[in-house]
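Peer 1: Structure file start-v5.tsv (TSV, C-alpha atoms and all ligand atoms) is given on the next line.
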chain	number	residue	atom	x	y	z
A	28	MET	CA	-4.30	-14.90	-6.70
A	29	ARG	CA	-5.22	-12.08	-4.30
A	30	LEU	CA	-1.94	-10.37	-5.07
A	31	ILE	CA	-2.61	-10.60	-8.78
A	32	VAL	CA	-6.11	-9.16	-8.42
A	33	TRP	CA	-4.78	-6.36	-6.29
A	34	THR	CA	-1.84	-5.51	-8.51
A	35	LEU	CA	-4.18	-5.38	-11.50
A	36	ALA	CA	-6.43	-3.06	-9.50
A	37	ILE	CA	-3.60	-0.62	-8.87
A	38	VAL	CA	-2.72	-0.57	-12.52
A	39	VAL	CA	-6.28	-0.03	-13.67
A	40	THR	CA	-7.19	2.68	-11.16
A	41	GLY	CA	-3.80	4.33	-11.61
A	42	THR	CA	-4.76	5.20	-15.17
A	43	THR	CA	-7.58	7.53	-14.11
A	44	VAL	CA	-5.51	9.98	-12.09
A	45	ALA	CA	-4.33	12.36	-14.83
A	46	SER	CA	-7.79	12.84	-16.29
A	47	THR	CA	-9.18	13.96	-12.92
A	48	ALA	CA	-6.42	16.46	-12.12
A	49	PRO	CA	-8.31	19.71	-11.49
A	50	SER	CA	-6.13	22.50	-12.90
A	51	ALA	CA	-4.33	22.90	-16.21
A	52	ALA	CA	-1.09	23.72	-14.41
A	53	ARG	CA	-1.23	20.56	-12.40
A	54	ARG	CA	-2.18	18.52	-15.45
A	55	MET	CA	0.92	19.78	-17.22
A	56	ALA	CA	3.13	18.79	-14.31
A	57	ALA	CA	1.51	15.35	-14.26
A	58	ASP	CA	2.03	15.02	-18.01
A	59	SER	CA	5.73	15.76	-17.76
A	60	THR	CA	6.29	13.09	-15.11
A	61	SER	CA	4.16	10.65	-17.17
A	62	GLU	CA	6.31	11.28	-20.21
A	63	ALA	CA	9.55	10.62	-18.35
A	64	ARG	CA	8.12	7.50	-16.70
A	65	ASN	CA	6.69	6.12	-19.91
A	66	ARG	CA	10.03	6.63	-21.61
A	67	MET	CA	11.87	4.73	-18.87
A	68	ALA	CA	9.21	2.01	-18.77
A	69	LYS	CA	9.57	1.51	-22.53
A	70	ILE	CA	13.36	1.24	-22.27
A	71	MET	CA	12.94	-1.39	-19.56
A	72	LEU	CA	10.26	-3.30	-21.49
A	73	ASP	CA	12.30	-3.26	-24.70
A	74	SER	CA	15.31	-4.60	-22.84
A	75	LEU	CA	13.22	-7.56	-21.63
A	76	GLY	CA	12.45	-8.78	-25.15
A	77	ASP	CA	11.04	-12.30	-25.01
A	78	ARG	CA	11.69	-12.54	-21.26
A	79	ALA	CA	8.76	-10.17	-20.59
A	80	THR	CA	6.45	-12.91	-19.31
A	81	LEU	CA	8.99	-14.58	-17.01
A	82	PRO	CA	8.58	-14.02	-13.25
A	83	ALA	CA	10.12	-10.71	-12.22
A	84	GLU	CA	12.44	-12.48	-9.77
A	85	SER	CA	14.12	-14.33	-12.64
A	86	ILE	CA	15.19	-10.98	-14.11
A	87	TRP	CA	15.76	-8.78	-11.03
A	88	ALA	CA	17.47	-9.96	-7.88
A	89	ASN	CA	16.32	-7.56	-5.17
A	90	LEU	CA	12.55	-7.99	-4.98
A	91	LYS	CA	11.43	-8.58	-1.39
A	92	THR	CA	7.65	-8.55	-1.79
A	93	GLY	CA	5.03	-10.51	-3.71
A	94	LEU	CA	6.10	-8.49	-6.75
A	95	ALA	CA	8.87	-11.09	-7.17
A	96	LYS	CA	6.26	-13.48	-8.61
A	97	VAL	CA	4.50	-11.24	-11.14
A	98	PRO	CA	5.52	-11.38	-14.81
A	99	ALA	CA	8.41	-9.01	-15.53
A	100	ARG	CA	6.31	-6.79	-17.82
A	101	ASN	CA	3.66	-6.44	-15.08
A	102	LEU	CA	6.30	-5.31	-12.61
A	103	ILE	CA	7.22	-2.48	-14.98
A	104	ALA	CA	3.53	-1.57	-15.46
A	105	ILE	CA	2.99	-1.54	-11.68
A	106	MET	CA	6.08	0.64	-11.19
A	107	ASN	CA	4.88	3.03	-13.87
A	108	MET	CA	1.13	3.27	-13.24
A	109	GLY	CA	0.64	1.81	-9.77
A	110	PHE	CA	3.54	3.52	-8.01
A	111	GLY	CA	4.76	6.40	-10.22
A	112	LYS	CA	1.48	7.75	-11.54
A	113	SER	CA	-0.34	7.28	-8.23
A	114	LEU	CA	2.20	9.54	-6.52
A	115	GLY	CA	2.80	11.82	-9.53
A	116	VAL	CA	6.52	11.09	-9.61
A	117	THR	CA	9.16	9.74	-11.99
A	118	CYS	CA	11.07	6.48	-11.47
A	119	GLU	CA	13.94	8.53	-10.05
A	120	PHE	CA	11.84	9.54	-7.04
A	121	CYS	CA	12.57	6.03	-5.73
A	122	HIS	CA	15.45	4.83	-7.92
A	123	VAL	CA	18.74	5.85	-9.42
A	124	ALA	CA	18.10	5.10	-13.12
A	125	GLY	CA	20.02	2.03	-14.20
A	126	HIS	CA	20.48	0.89	-10.59
A	127	PHE	CA	16.97	-0.24	-9.75
A	128	ASP	CA	18.24	-2.83	-7.26
A	129	LYS	CA	19.90	-0.23	-4.97
A	130	GLU	CA	18.42	0.29	-1.51
A	131	ASP	CA	19.87	3.72	-0.70
A	132	SER	CA	16.61	5.57	-1.38
A	133	THR	CA	14.38	6.12	1.65
A	134	GLN	CA	11.46	6.60	-0.75
A	135	LYS	CA	11.99	3.13	-2.20
A	136	GLN	CA	11.98	1.64	1.26
A	137	ILE	CA	8.87	3.56	2.30
A	138	ALA	CA	7.15	2.46	-0.92
A	139	ARG	CA	7.93	-1.17	-0.09
A	140	GLU	CA	6.38	-0.77	3.38
A	141	MET	CA	3.35	0.98	1.85
A	142	PHE	CA	3.01	-1.91	-0.57
A	143	LYS	CA	2.90	-4.30	2.39
A	144	MET	CA	0.52	-2.04	4.32
A	145	VAL	CA	-2.13	-2.01	1.57
A	146	PRO	CA	-3.07	-5.73	1.69
A	147	ARG	CA	-3.22	-5.47	5.48
A	148	ILE	CA	-5.76	-2.65	5.20
A	149	ASN	CA	-7.71	-4.63	2.61
A	150	GLN	CA	-7.57	-8.10	4.07
A	151	GLU	CA	-7.46	-7.40	7.82
A	152	LEU	CA	-9.19	-4.08	8.37
A	153	LEU	CA	-11.66	-3.53	5.52
A	154	ALA	CA	-12.56	-7.22	5.36
A	155	ALA	CA	-13.48	-7.12	9.07
A	156	ILE	CA	-16.05	-4.32	8.70
A	157	PRO	CA	-19.48	-5.90	8.27
A	158	GLY	CA	-22.08	-4.51	5.91
A	159	ILE	CA	-19.95	-2.80	3.25
A	160	GLN	CA	-21.86	-3.14	-0.05
A	161	ASN	CA	-18.81	-4.17	-2.04
A	162	LYS	CA	-17.81	-7.77	-1.29
A	163	ASN	CA	-14.13	-6.97	-1.86
A	164	PRO	CA	-13.62	-3.38	-0.81
A	165	ILE	CA	-10.06	-2.24	-1.53
A	166	VAL	CA	-7.78	0.71	-1.22
A	167	ASN	CA	-4.65	1.11	-3.31
A	168	CYS	CA	-1.90	3.70	-3.68
A	169	THR	CA	-4.22	5.95	-5.70
A	170	THR	CA	-6.95	5.96	-3.06
A	171	CYS	CA	-4.77	7.99	-0.73
A	172	HIS	CA	-2.15	9.57	-2.95
A	173	ARG	CA	-4.27	10.78	-5.92
A	174	GLY	CA	-1.24	11.80	-7.94
A	175	ARG	CA	0.52	13.42	-4.98
A	176	VAL	CA	3.37	12.43	-2.70
A	177	LYS	CA	1.58	13.73	0.39
A	178	PRO	CA	-2.06	12.68	0.64
A	179	ALA	CA	-4.52	15.47	1.41
A	180	LEU	CA	-6.15	15.76	4.82
A	181	SER	CA	-8.99	18.04	3.76
A	182	LEU	CA	-11.10	18.54	0.65
A	183	ASP	CA	-9.64	22.03	0.15
A	184	ASP	CA	-6.14	20.61	0.07
A	185	PRO	CA	-5.12	18.81	-3.14
A	186	GLY	CA	-2.13	17.25	-1.36
A	187	SER	CA	1.41	18.18	-2.36
A	188	ASN	CA	4.51	16.89	-4.12
A	201	LIG	C1	7.26	5.12	-5.27
A	201	LIG	C2	8.52	4.39	-5.44
A	201	LIG	C3	8.84	3.74	-6.74
A	201	LIG	C4	8.73	4.27	-8.01
A	201	LIG	C5	8.19	5.63	-8.42
A	201	LIG	C6	9.27	3.29	-8.91
A	201	LIG	N1	9.70	2.20	-8.21
A	201	LIG	FE1	10.64	0.56	-8.97
A	201	LIG	N2	10.71	-0.29	-7.11
A	201	LIG	C7	10.18	0.26	-5.98
A	201	LIG	C8	10.26	-0.70	-4.90
A	201	LIG	C9	9.76	-0.52	-3.48
A	201	LIG	C10	10.87	-1.85	-5.43
A	201	LIG	C11	11.19	-3.15	-4.68
A	201	LIG	C12	9.95	-4.04	-4.60
A	201	LIG	C13	10.18	-5.33	-3.83
A	201	LIG	O1	11.04	-5.36	-2.94
A	201	LIG	O2	9.48	-6.34	-4.11
A	201	LIG	C14	11.16	-1.55	-6.83
A	201	LIG	C15	11.80	-2.42	-7.69
A	201	LIG	C16	12.06	-2.16	-9.03
A	201	LIG	C17	12.78	-3.03	-9.92
A	201	LIG	C18	13.48	-4.34	-9.55
A	201	LIG	C19	14.92	-4.04	-9.12
A	201	LIG	C20	15.75	-5.25	-8.68
A	201	LIG	O3	16.88	-5.38	-9.15
A	201	LIG	O4	15.25	-6.04	-7.85
A	201	LIG	C21	12.79	-2.44	-11.16
A	201	LIG	C22	13.44	-2.97	-12.44
A	201	LIG	C23	12.05	-1.21	-11.03
A	201	LIG	N3	11.64	-1.05	-9.73
A	201	LIG	C24	11.82	-0.34	-12.08
A	201	LIG	C25	11.11	0.86	-11.97
A	201	LIG	C26	10.79	1.72	-13.09
A	201	LIG	C27	11.20	1.44	-14.55
A	201	LIG	C28	10.09	2.77	-12.59
A	201	LIG	C29	9.45	3.91	-13.35
A	201	LIG	C30	8.63	3.53	-14.51
A	201	LIG	C31	9.98	2.58	-11.15
A	201	LIG	N4	10.61	1.41	-10.81
A	201	LIG	C32	9.33	3.45	-10.29
A	201	LIG	C33	9.68	1.54	-5.86
A	201	LIG	C34	9.44	2.42	-6.89
A	202	LIG	C1	-4.18	4.62	3.53
A	202	LIG	C2	-3.52	5.70	2.79
A	202	LIG	C3	-2.29	5.33	2.00
A	202	LIG	C4	-2.14	4.35	1.07
A	202	LIG	C5	-3.16	3.31	0.62
A	202	LIG	C6	-0.80	4.50	0.54
A	202	LIG	N1	-0.16	5.53	1.14
A	202	LIG	FE1	1.76	6.14	0.79
A	202	LIG	N2	1.56	7.57	2.24
A	202	LIG	C7	0.43	7.80	3.00
A	202	LIG	C8	0.69	8.83	3.97
A	202	LIG	C9	-0.30	9.40	4.98
A	202	LIG	C10	2.05	9.22	3.78
A	202	LIG	C11	2.83	10.27	4.56
A	202	LIG	C12	2.70	11.59	3.87
A	202	LIG	C13	3.34	12.69	4.68
A	202	LIG	O1	4.56	12.89	4.57
A	202	LIG	O2	2.62	13.32	5.44
A	202	LIG	C14	2.55	8.40	2.67
A	202	LIG	C15	3.83	8.50	2.19
A	202	LIG	C16	4.35	7.74	1.15
A	202	LIG	C17	5.67	7.85	0.63
A	202	LIG	C18	6.77	8.77	1.17
A	202	LIG	C19	6.73	10.10	0.49
A	202	LIG	C20	7.81	11.01	1.03
A	202	LIG	O3	8.73	11.32	0.29
A	202	LIG	O4	7.72	11.39	2.20
A	202	LIG	C21	5.78	6.95	-0.39
A	202	LIG	C22	7.02	6.71	-1.25
A	202	LIG	C23	4.51	6.29	-0.51
A	202	LIG	N3	3.66	6.78	0.45
A	202	LIG	C24	4.21	5.32	-1.43
A	202	LIG	C25	3.02	4.60	-1.49
A	202	LIG	C26	2.76	3.51	-2.40
A	202	LIG	C27	3.73	3.04	-3.48
A	202	LIG	C28	1.51	3.05	-2.12
A	202	LIG	C29	0.78	1.86	-2.72
A	202	LIG	C30	1.52	0.60	-2.68
A	202	LIG	C31	0.99	3.85	-1.02
A	202	LIG	N4	1.93	4.78	-0.66
A	202	LIG	C32	-0.27	3.68	-0.44
A	202	LIG	C33	-0.79	7.16	2.86
A	202	LIG	C34	-1.04	6.07	2.05
Take the structure I supplied and represent it as structure tokens, if you would.

Peer 2:
Amino acid sequence: MRLIVWTLAIVVTGTTVASTAPSAARRMAADSTSEARNRMAKIMLDSLGDRATLPAESIWANLKTGLAKVPARNLIAIMNMGFGKSLGVTCEFCHVAGHFDKEDSTQKQIAREMFKMVPRINQELLAAIPGIQNKNPIVNCTTCHRGRVKPALSLDDPGSN
């Protein structure tokens, strides 16, 4: 259940990134990666047909995280909005198109470790801080990445790709 709540949270908050991008130039760059990602996501969704609601692990064989259990169509949405849009990258930043199972991309492997790090921050570290107003304070990929591969370390720095 926690995983489902969290994965929904990354999808929902992921959708706000483009509209907050500060400059026109950056917005254009974000739009072009969105377009490529949306295209690939649609190809993947269309290929699922009526298998879209089956658990992702019944379609794809190399899922090593809790993502194995989410419905196949949610996995694609998480890849698109949660991972891709949060970092401002296309699917190919982590994958060779058509070979999504391959492990030869360092970025894919880092992303998997980041995906495991996030619930640790939320459930072990944030949950242990008393007094936070929100009962379920969470961070997700967007909290740090904000549409960039490298999160910013100062307010003057937008981060970089
Ligand atoms: C920031 C990196 C990243 C981006 C961007 C990304 N993915 Fe992924 N993808 C992953 C990781 C990590 C896994 C493995 C998750 C696991 O082990 O549970 C994965 C797994 C998959 C799988 C399952 C492969 C298998 O055979 O097990 C598919 C399909 C997939 N991604 C599609 C996409 C699509 C389509 C896009 C773009 C819309 C995309 N991904 C963007 C990191 C990424
Ligand atoms: C608490 C902050 C934080 C969160 C949350 C976070 N990241 Fe990161 N991420 C970082 C930092 C810091 C780096 C290292 C950036 C650098 O190179 O200096 C990084 C690097 C990465 C990289 C490697 C980029 C490269 O090419 O060097 C990937 C891929 C990545 N994160 C994916 C994700 C994904 C996917 C999520 C959500 C599941 C996520 N991150 C959540 C802070 C975070």

Peer 1: Set the cut-off to 7 Å, count all atoms listed in the file, and list whatever residues fall near ligand LIG 201 (chain A) as a ChimeraX atom specification.

Peer 2: /A:64-65,67-68,71,87-95,103,106-107,110-111,114,116-122,127-128,134-136,138-139

Peer 1: To check your reading of the model: which residues sit at most 9 Å from ligand LIG 202 (chain A) when counting only C-alpha atoms and all ligand atoms? Write the answer as a ChimeraX atom specification.

Peer 2: /A:37,106,109-111,113-114,120-121,133-146,148,166-172,175-180,188

Peer 1: Please enclose the listed atoms of range 117-122 of chain A in an axis-aligned box, pad each side by 8 Å, and write out the centre and the three edge lengths in Å, rounded to one decimal, as AutoDock Vina command-line options.

Peer 2:
--center_x 12.3 --center_y 7.3 --center_z -8.9 --size_x 22.3 --size_y 20.9 --size_z 22.3

Peer 1: Just the number, please: distance in Å from CA of Ala104 in chain A to CA of Asn149 in chain A, one decimal.

Peer 2: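 These two atoms are separated by 21.5 Å.
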
Peer 1: In Å, with one decimal, what is the gap from CA of Arg78 in chain A to CA of Ala99 in chain A?

Peer 2: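 So the answer is 7.5 Å.
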
Peer 1: Quick one: distance from CA of Gln150 in chain A to CA of Arg100 in chain A in Å, one decimal?

Peer 2: 26.0 Å

Peer 1: Go through A:Ala124, A:Asn161, A:Gly186, A:Ala155 one by one, measure the shortest atom-to-atom distance of each to Arg66 in chain A using only C-alpha atoms, and give the residue with the smallest value.

Peer 2: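 Ranked by minimum distance to Arg66 in chain A, first place goes to A:Ala124.
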